[in-house]
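Report on the structure given below.
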Amino acid sequence: MSLSPEVCKTMYTMMWRIRLFEEEADRQTNLGNVVGTLHMYCGEEAIAVGVCSQLRTDDYVLGTHRSHGHCLAKGASIDKMMAELFGKATGTCGGKGGSMHVADFSLNMLGANGIVGAGIGPTTGTALASKLRHTDQVSICFFGDGAAARGTFHEAIMMGSLWKLPVVYVCENNQYQQWVPRKNVAVIDSVADMAGSYAIPGVSINGQDALEVYEVAGEAVARARRGEGPTLIEARTYRFYGHSLGDEQQYRTSDEVEKWKSNSDPIQLLGATMKERGWLTDEEDGNIQQQAAAEVKKAVEFAEQSPWPTLANLETDVTSHSLGVA
Amino acid sequence: MKTMAFNEAIRTALHEEMQRDESVFVIGEDVATHGGPYKVTDGIAEAFPGRIFETPIAEAGIVGIGVGAAMAGMRPVVELMYLDFVTCAMDEVVNQAAKMRYMTGGQARVPMVIRLPCGIGRLLAAQHSQILESWFMHVPGLQVVVPSTPADAKGLFKTAVRSPDPVMFFEYKRIYTSKGEVPEGDYTIPIGQADVKREGEDATVVAIGPMVQKSLEAAVLLEDDGYDIEVVDPRSLSPLDVDTICESVRKTGRAIVCGEDSTFAGAASEIAAMIGENCFGDLKAPVRRIGSPHVPMPFSSELVKHVVPEKSHVIEAVNQSMAA
């Protein structure tokens, strides 16, 4: 897909949808409607949207504990996503997963994942499935810089390369591994440099720039679809919120956060570029934001009005032997 | 019927399932070149080129790839060279394979078989001889299958491959070469259905894995003492066929539960507790457990003989139960 005003507008709209969805989810935690925790994707939207804009519905996406953006960018229903965060029966997972396990298998979005680095093997597996079935589906694995320290990163990428699987490994390097700055615990700066160990291309890009993400992801996806094997993309980014809710963020200064928000907000950057190119008017911009806000408002209403799961749901979906399931 | 060894029965089932269903494939260490250490995958590479993946030594990666392929609709048969190596892939088994269906509200299916050569074989000491059935019984979402005969191994393996959910398939190394009559062609045995291997009236021996054969041999010897022993093989520890086991215990009034794994917090303990809870009023004697002491598997044969239970232990336990 080549870059067009329409593609840009679609990406811009999706980025606003993700941003407002999460800000509303955060607000709903204060109201006690969303419980548990949230890992906010705010600040990283350009990556999910830039990559997923290069995908077909039948391409596979696996995510992380910070996957609201991945799920929405793959096309998941905002209503069902909000309902899942509320723990309602109408949620993407019937209220059994919550924020860390949002998934929509009808879109081949095979789930967020609560264990750091745990999606890299399974995404390599979905890619193996495509190869065995001789389809040209591509698999995308999103993971954080913290995951690049795990053995699963090494083991899975090694086999992805060995069998030239159609997979793109997308590292969202937001520079913090939970509460620890990456620079304190990493021996090399760029995750992309690790690609050399697996004989695959590694590219480091500005993850705040949706257009750069779109372009580089497009090349990697095309390469995978042609059967030429995996690519490792490191998208340098920044999380605007803490690791999860209630994070006091003593590991970074508010100046640093404010600087990233003012200079490197991916939504502002894309909007400005589009306006410079004459691809977006102020009026259209306003409409896009209003539309996204309206969708989020409707999602909250949907979640509020949805029924709770009941005891009858508790023991279903364990295995095919479990109650009520064929 | 055809006489074949336990490992040959699994190999036959694997061949037939790969013939039947193109989504079945094999992944594991040394599975192609060598056919696996116990020759279960011997000949698969020649018969099904492109459908067997010989991997680097990377268990977490292997099982993780299996999870993803299964979620994408394939049916991976994963070989872990020794059960002990599953410890290198516990996240993939426990947090991923087992929970995916539940966490996604029933969207995910993980139709994967993990083959687990387990227990004592040659003297390989503490890191190549474990069983650990109860670890996986404890995890909702996993099926724990333990065949004891070649015929059961073939039928259960076929069911495991066709199951929509992950199966931990326990293959006791010490019975890989044991032979038995195996029906030819296609047949399946339901997971979660125990088998009464011998009918009797005086005491029920619930036996797991190789203890089934030892219990049957013990039962023959106990005939001389006038005892008529029933031997029940659960065949699957999760789901567990509580009804068949309890029906037997209610009939005989005596229960001995035996496995080769550690008695402490082992599979036999769960079964014993379940019998106590459901059949207390029918019991004429306390439920007895047979298993290994709570020690890592030693190396020396002089020590090993005190670890692995034998038919003499069954005979002793039955005698105690009958005397109670």
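By convention here, the chains of the structure tokens are called A, B, ... in the order presented, each chain's residues are numbered starting at 1, and ligands are numbered starting at 1 in the order presented.
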
Exercise for the section: Taking only C-alpha atoms into account, report as a PyMOL selection string which residues of chain B lie within 9 Å of chain A. Expected result: chain B and resi 22-23+25+50-51+55-74+91-92+95-96+98-109+140-143+163-166+192+239

Practice task
Can you check which residues of range 81-291 of chain A DSSP gives as helix (DSSP H, G or I) on the backbone and send them as a VMD selection string?
Solution key: chain A and resid 81 to 86 99 to 101 105 to 107 120 to 132 146 to 149 151 to 162 182 to 185 191 to 198 210 to 225 254 to 263 266 to 276 282 to 291

Exercise for the section: List the neighbours of Ile78 in chain A out to 12 Å using only C-alpha atoms; skip same-chain residues closer than 5 positions along the sequence, and give me the result as a VMD selection string. Expected result: chain A and resid 14 17 to 22 24 to 25 68 to 69 71 to 73 83 to 85 90 to 92 102 to 104 292 to 303

List the neighbours of Glu184 in chain B out to 8 Å using only C-alpha atoms; skip same-chain residues closer than 2 positions along the sequence, and give me the result as a PDB file with N, CA and C atoms, in the first residue's frame.
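As written to disk, selection.pdb reads:
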```
ATOM      1  N   MET B   1      -5.507 -57.620  14.980  1.00  0.00           N
ATOM      2  CA  MET B   1      -4.543 -57.383  16.059  1.00  0.00           C
ATOM      3  C   MET B   1      -3.125 -57.645  15.569  1.00  0.00           C
ATOM      4  N   LYS B   2      -2.242 -56.840  16.096  1.00  0.00           N
ATOM      5  CA  LYS B   2      -0.850 -56.998  15.731  1.00  0.00           C
ATOM      6  C   LYS B   2      -0.040 -56.773  17.006  1.00  0.00           C
ATOM      7  N   VAL B 182      -2.230 -54.846  19.526  1.00  0.00           N
ATOM      8  CA  VAL B 182      -2.759 -53.538  19.150  1.00  0.00           C
ATOM      9  C   VAL B 182      -3.692 -53.712  17.950  1.00  0.00           C
ATOM     10  N   ASP B 186      -7.844 -47.583  12.277  1.00  0.00           N
ATOM     11  CA  ASP B 186      -8.229 -46.415  13.055  1.00  0.00           C
ATOM     12  C   ASP B 186      -9.141 -46.749  14.232  1.00  0.00           C
TER      13      ASP B 186
END
```

Exercise for the section: Would you please give, as a ChimeraX atom specification, all residues of range 78-252 of chain A that DSSP assigns to strand (DSSP E or B) based on the backbone? Expected result: /A:104,109,139-144,167-173,176-177,180-181,202-206,231-236

Could the residues in this selection be saved with N, CA, C and O atoms as a short mmCIF file (atom, residue, chain, number, x, y, z; two decimals), in the first residue's frame?
```
data_model
loop_
_atom_site.label_atom_id
_atom_site.label_comp_id
_atom_site.auth_asym_id
_atom_site.auth_seq_id
_atom_site.Cartn_x
_atom_site.Cartn_y
_atom_site.Cartn_z
N ASP A 104 -9.20 -10.59 19.50
CA ASP A 104 -10.32 -10.80 18.58
C ASP A 104 -9.88 -11.77 17.50
O ASP A 104 -9.24 -11.38 16.52
N MET A 109 -6.41 -11.31 15.50
CA MET A 109 -5.69 -10.65 16.58
C MET A 109 -5.73 -11.65 17.73
O MET A 109 -6.74 -11.79 18.41
N SER A 139 2.70 -12.69 9.89
CA SER A 139 2.48 -12.60 11.33
C SER A 139 3.29 -11.46 11.91
O SER A 139 4.46 -11.28 11.55
N ILE A 140 2.65 -10.69 12.79
CA ILE A 140 3.32 -9.56 13.42
C ILE A 140 3.40 -9.81 14.91
O ILE A 140 2.39 -10.10 15.56
N CYS A 141 4.59 -9.70 15.45
CA CYS A 141 4.77 -9.82 16.89
C CYS A 141 5.18 -8.47 17.46
O CYS A 141 6.25 -7.96 17.15
N PHE A 142 4.33 -7.88 18.28
CA PHE A 142 4.71 -6.68 19.01
C PHE A 142 5.28 -7.09 20.36
O PHE A 142 4.74 -7.99 21.03
N PHE A 143 6.36 -6.48 20.77
CA PHE A 143 6.89 -6.72 22.11
C PHE A 143 7.70 -5.50 22.54
O PHE A 143 8.07 -4.67 21.70
N GLY A 144 7.97 -5.40 23.82
CA GLY A 144 8.70 -4.25 24.33
C GLY A 144 10.20 -4.50 24.37
O GLY A 144 10.67 -5.60 24.12
N VAL A 167 7.29 -13.54 9.21
CA VAL A 167 6.98 -12.87 10.48
C VAL A 167 7.80 -11.59 10.59
O VAL A 167 8.93 -11.52 10.11
N VAL A 168 7.18 -10.57 11.17
CA VAL A 168 7.88 -9.32 11.45
C VAL A 168 7.88 -9.11 12.96
O VAL A 168 6.81 -9.10 13.58
N TYR A 169 9.06 -9.02 13.51
CA TYR A 169 9.21 -8.80 14.95
C TYR A 169 9.32 -7.30 15.20
O TYR A 169 10.28 -6.67 14.73
N VAL A 170 8.34 -6.73 15.88
CA VAL A 170 8.30 -5.29 16.09
C VAL A 170 8.53 -4.96 17.56
O VAL A 170 7.67 -5.20 18.41
N CYS A 171 9.72 -4.47 17.84
CA CYS A 171 10.06 -4.11 19.22
C CYS A 171 9.69 -2.66 19.46
O CYS A 171 10.19 -1.76 18.79
N GLU A 172 8.81 -2.45 20.43
CA GLU A 172 8.45 -1.09 20.82
C GLU A 172 9.37 -0.69 21.97
O GLU A 172 9.10 -1.00 23.13
N ASN A 173 10.44 -0.03 21.62
CA ASN A 173 11.41 0.34 22.65
C ASN A 173 11.00 1.67 23.27
O ASN A 173 11.32 2.74 22.76
N TYR A 176 11.83 2.02 28.87
CA TYR A 176 11.70 1.63 30.28
C TYR A 176 11.21 0.20 30.39
O TYR A 176 10.22 -0.17 29.73
N GLN A 177 11.90 -0.60 31.20
CA GLN A 177 11.47 -1.97 31.47
C GLN A 177 10.76 -1.93 32.82
O GLN A 177 11.42 -2.01 33.85
N VAL A 180 12.52 0.43 35.31
CA VAL A 180 13.97 0.56 35.15
C VAL A 180 14.29 1.11 33.76
O VAL A 180 13.83 0.57 32.76
N PRO A 181 15.08 2.18 33.69
CA PRO A 181 15.49 2.68 32.38
C PRO A 181 16.28 1.60 31.65
O PRO A 181 17.15 0.96 32.24
N GLY A 202 17.78 -5.90 10.57
CA GLY A 202 17.31 -5.17 11.74
C GLY A 202 17.28 -3.68 11.41
O GLY A 202 18.24 -3.15 10.87
N VAL A 203 16.17 -3.05 11.70
CA VAL A 203 16.02 -1.63 11.37
C VAL A 203 15.56 -0.88 12.61
O VAL A 203 14.61 -1.30 13.27
N SER A 204 16.23 0.23 12.91
CA SER A 204 15.80 1.07 14.02
C SER A 204 15.13 2.32 13.46
O SER A 204 15.70 2.99 12.59
N ILE A 205 13.94 2.59 13.93
CA ILE A 205 13.20 3.73 13.37
C ILE A 205 12.62 4.61 14.47
O ILE A 205 12.58 4.21 15.64
N ASN A 206 12.15 5.77 14.05
CA ASN A 206 11.47 6.67 14.97
C ASN A 206 10.02 6.23 15.11
O ASN A 206 9.21 6.41 14.21
N THR A 231 11.95 -9.89 9.64
CA THR A 231 12.67 -8.64 9.86
C THR A 231 12.46 -8.25 11.32
O THR A 231 11.38 -8.49 11.87
N LEU A 232 13.47 -7.67 11.91
CA LEU A 232 13.34 -7.13 13.27
C LEU A 232 13.31 -5.61 13.16
O LEU A 232 14.27 -4.99 12.67
N ILE A 233 12.22 -5.02 13.59
CA ILE A 233 12.10 -3.56 13.60
C ILE A 233 12.14 -3.07 15.05
O ILE A 233 11.39 -3.58 15.89
N GLU A 234 13.00 -2.14 15.31
CA GLU A 234 12.97 -1.48 16.62
C GLU A 234 12.38 -0.09 16.41
O GLU A 234 12.95 0.74 15.69
N ALA A 235 11.22 0.13 17.00
CA ALA A 235 10.59 1.45 16.91
C ALA A 235 10.85 2.19 18.22
O ALA A 235 10.35 1.79 19.28
N ARG A 236 11.66 3.21 18.14
CA ARG A 236 11.99 3.99 19.35
C ARG A 236 10.79 4.85 19.74
O ARG A 236 10.26 5.60 18.92
#
```

Practice task
Tell me, in Å to one decimal, how far CA of Gly32 in chain A is from CA of Trp260 in chain A.
Solution key: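 Value for the CA of Gly32 in chain A-CA of Trp260 in chain A distance: 29.5 Å.
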
Exercise for the section: May I have the residues within 12 Å of Ile188 in chain A as a list in words, using only C-alpha atoms and disregarding those fewer than 6 positions away in the same chain? Expected result: Asp145, Ala148, Ala149, Arg182 and Met194 of chain A
